[in-house]
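Asks: Provided herewith is a single structure, encoded as structure tokens, for subsequent inquiry.
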Amino acid sequence: MKSNIVVVVAMVGGFFVAGAIWFVAPSLAPSSAKVLSEAGVHVERARRILHDYNAQLAYGALVRDQLRDIDFDVDIEDSSAIEDDGSETYEAIHGQLWGAFKPTNWGANPRAASASYGDIVGQAREGVQTRDDLVSRNAELLDDALSEVNAAIAVSSGDATGRDYAEAHRLLAVAYYHKALSEQLRAAKSRAGAERVRQELLGLTREVVAMTSSRTLAVDSKIDERIAMVQGGIDEGNARLWQYEKTLDGVDSEIEAFEGRLKDASMKAGVAFNEMQRMQNAGVDFTDPAGATEFTNKLMALADAYGIAVREAHIIEFGGYPDAEIDYTGDYIRGRYIQDGSPDKVVMTLGLTHAQQKRAILASKVQREKNAKQGLRDDLTMLEGKKASYQEMEAAARKTIDETTPIANEAYDELNQIESEAVAFEDSALSMLDKSISASTQAASVAGRWASDAGSKLSSVAAEGQGNSALTARKDDQWIAGFNNAQVADAQLAKAGVYLSRYKESIRTARVLGAVVGAIELAEVDVEAVSEKASEAREAGVLAVTDAASILERAHRTTGRHWTLVAHAAAANEMLVQFGLGEYVADALAGYRNAIKGREGEAFSKPFADRIRRLEDR
């Protein structure tokens, strides 16, 4: 936007010359001379007022306003407090605005101003009341200049009017241009806080996203299914344990019965064995003639009883085949057991040892089930603990999200407020720039018409008098119209700069909101509308640059192909690159190189050389 100030400076000098020629032109009618004389007073006042206007002062006021907005006391009397508590804040805010609007030190060789933080206290103290008064007066200068210019344009006499005074329209354009720059500065100040809010929204979104997965920890982990599975295992184990213990009780009863029967059989065998021992020890009573027979019969009876009792005890303890017998051969070695006349119906009776083995197996199963049950209970306790932990985390996540949502909506409201304020300033700047364009266009038209009229009138002047006629000089002043058109292009590029800022900010906001809305519920958010706004700003910006390029092309021909217009056209192509049209990089580079060709050593060429390096490094 400031890139063509050199053109403005050149135009000022040119108009001083042209104005003097017009004032002394002998061919002017009395009414025109009167208008030029009266209007010239107002124009000169406007020129001097604009000379006193200080764009840097307006920028400094903006920095101080920004500091005041964040409660940084620029009017504080304690200098140490500024150095200790506010120097970093001051430098951050100042540096941010310096980067958004790069000031220039104007002079014979204009150059970029350098930010200085060597005297933070001194710079901050520029916010005292006397400085504020000066700043306020500085802002009023533009309005005063406009009043003078409008007064010049309003002058009329006969058919002549101040509207035909090109210099008045040019100064009108300059005043509106600087008012537009002031509005752009205010828009930049408003937008300076947007990135902080966007980052806040992203931070809140990251926090919510991190918490979102925690809201469904229990469900996602399938902890309830795992608890149910373990509980089912416990229930199945309890059923098996109950059955094993029930069976074990039956086996214990069976063992108890076996042991009772074994005891009885063993007792019977013992009684019979003891009685046989007693009889054998006593011997036969030979005094009784029938004693031997009686002894033998009684001993055989005891032997049978003992054998039956021992067999019964053996079957009770080890099992056997009590209902089986040897087949008809009677051969205990090779004969087969038969029961009910068939070897296939032999049934073994299980004894105490079988019951004891069965009990040992059942006892092992009971213990195994008890161990498994305890393990499952430990797992259940662990899972229930996890579930409780998940539920606590879910509650904390829901609480965090519930608390974050209103904060995010407040940030979103702040972002909308910043955007609305910035757009209002930008719309005001665009309106001022349109007025500047209109005034510069009018100045170019009037200047061109005056040069053409001079050529027509010169044809009626005798050849020997043309060399001394003011009309001769004015006839060749078409370059003045060219530089006015260049100012039109400058204002068009300034408009494109406004749209570029709006485009980039809308793109950033759309990206952030696109990430936010999926995680946080924002009231009345429309990401598509923000994206559409970015597209509209881009389209309007590209159109403004295209119009500027077309105007520059015409102006280049009428200004003797001045190198500043070549640089201006290169700046237009660079702005198209910033709008995402990378195919214009080569054109911008070629334009800058042609503009400073042969002037590389001049100080004013350095900014263009820097732009060349920046484009080459893309």
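Quick note on naming: the chains in the structure tokens go A, B, ... in the order shown, residues restart at 1 in each chain, and ligands are numbered from 1 in order of appearance.
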List every residue of range 123-368 of chain A that DSSP, applied to the backbone, labels as strand (DSSP E), and write the result as a VMD selection string.
Replies: chain A and resid 156 to 157 160 to 161 325 to 326 337 to 338
Asks: Next, the residues of the selection above should be written as a short mmCIF file (atom, residue, chain, number, x, y, z; two decimals), in the first residue's frame with N, CA, C and O atoms.
Replies:
```
data_model
loop_
_atom_site.label_atom_id
_atom_site.label_comp_id
_atom_site.auth_asym_id
_atom_site.auth_seq_id
_atom_site.Cartn_x
_atom_site.Cartn_y
_atom_site.Cartn_z
N SER A 156 -16.38 28.85 -8.19
CA SER A 156 -16.88 28.94 -9.57
C SER A 156 -16.96 30.41 -9.99
O SER A 156 -17.11 31.31 -9.15
N SER A 157 -16.85 30.63 -11.27
CA SER A 157 -16.96 31.98 -11.84
C SER A 157 -17.34 31.82 -13.31
O SER A 157 -16.57 31.25 -14.10
N ALA A 160 -16.50 28.74 -15.51
CA ALA A 160 -15.35 28.06 -14.90
C ALA A 160 -15.71 27.57 -13.49
O ALA A 160 -16.50 28.18 -12.79
N THR A 161 -15.10 26.47 -13.08
CA THR A 161 -15.36 25.88 -11.77
C THR A 161 -14.10 25.21 -11.25
O THR A 161 -13.24 24.76 -12.04
N GLU A 325 -19.04 -117.11 40.06
CA GLU A 325 -18.49 -118.41 40.45
C GLU A 325 -17.65 -118.94 39.30
O GLU A 325 -17.72 -118.44 38.18
N ILE A 326 -16.82 -119.95 39.60
CA ILE A 326 -15.99 -120.55 38.57
C ILE A 326 -16.89 -121.45 37.71
O ILE A 326 -17.83 -122.07 38.18
N TYR A 337 -14.84 -116.73 35.29
CA TYR A 337 -15.94 -116.31 36.17
C TYR A 337 -17.21 -116.22 35.34
O TYR A 337 -17.21 -115.70 34.21
N ILE A 338 -18.30 -116.77 35.97
CA ILE A 338 -19.60 -116.65 35.31
C ILE A 338 -20.61 -116.20 36.35
O ILE A 338 -20.39 -116.37 37.56
#
```
Asks: What lies within 7 Å of range 538-545 of chain A using only C-alpha atoms, ignoring chain neighbours under 4 positions off, as a list in words?
Replies: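 In the requested form, the answer reads Gln492, Leu493, Lys495, Ala496, Tyr499, Leu500, Tyr503, Ala534, Ala549, Ala572, Leu576 and Phe579 of chain A.
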Asks: Write out as a VMD selection string each polymer residue whose atoms come within 12 Å of Thr405 in chain A, counting only C-alpha atoms; drop sequence neighbours fewer than 2 positions from it.
Replies: chain A and resid 201 204 to 205 207 to 208 398 to 403 407 to 412 516 to 517 519 to 523
Asks: If we count only C-alpha atoms and set the cut-off at 12 Å, which residues sit around Ala586 in chain A, ignoring sequence neighbours fewer than 6 positions away in its own chain? Please answer as a ChimeraX atom specification.
Replies: /A:570,573-574,576-577,592-593,612,615-616,618
Asks: Can you pull out the residues contacting Lys365 in chain A? Cut-off 12 Å, using only C-alpha atoms, and skip same-chain residues under 3 positions away; I want them as a ChimeraX atom specification.
Replies: /A:237,240-245,247-248,358-362,368-373
Asks: Taking 2 positions as the minimum chain separation for residues in the same chain, which residues sit within 7 Å of Ala555 in chain A when counting only C-alpha atoms? Answer as a ChimeraX atom specification.
Replies: /A:482-483,485-486,551-553,557-559
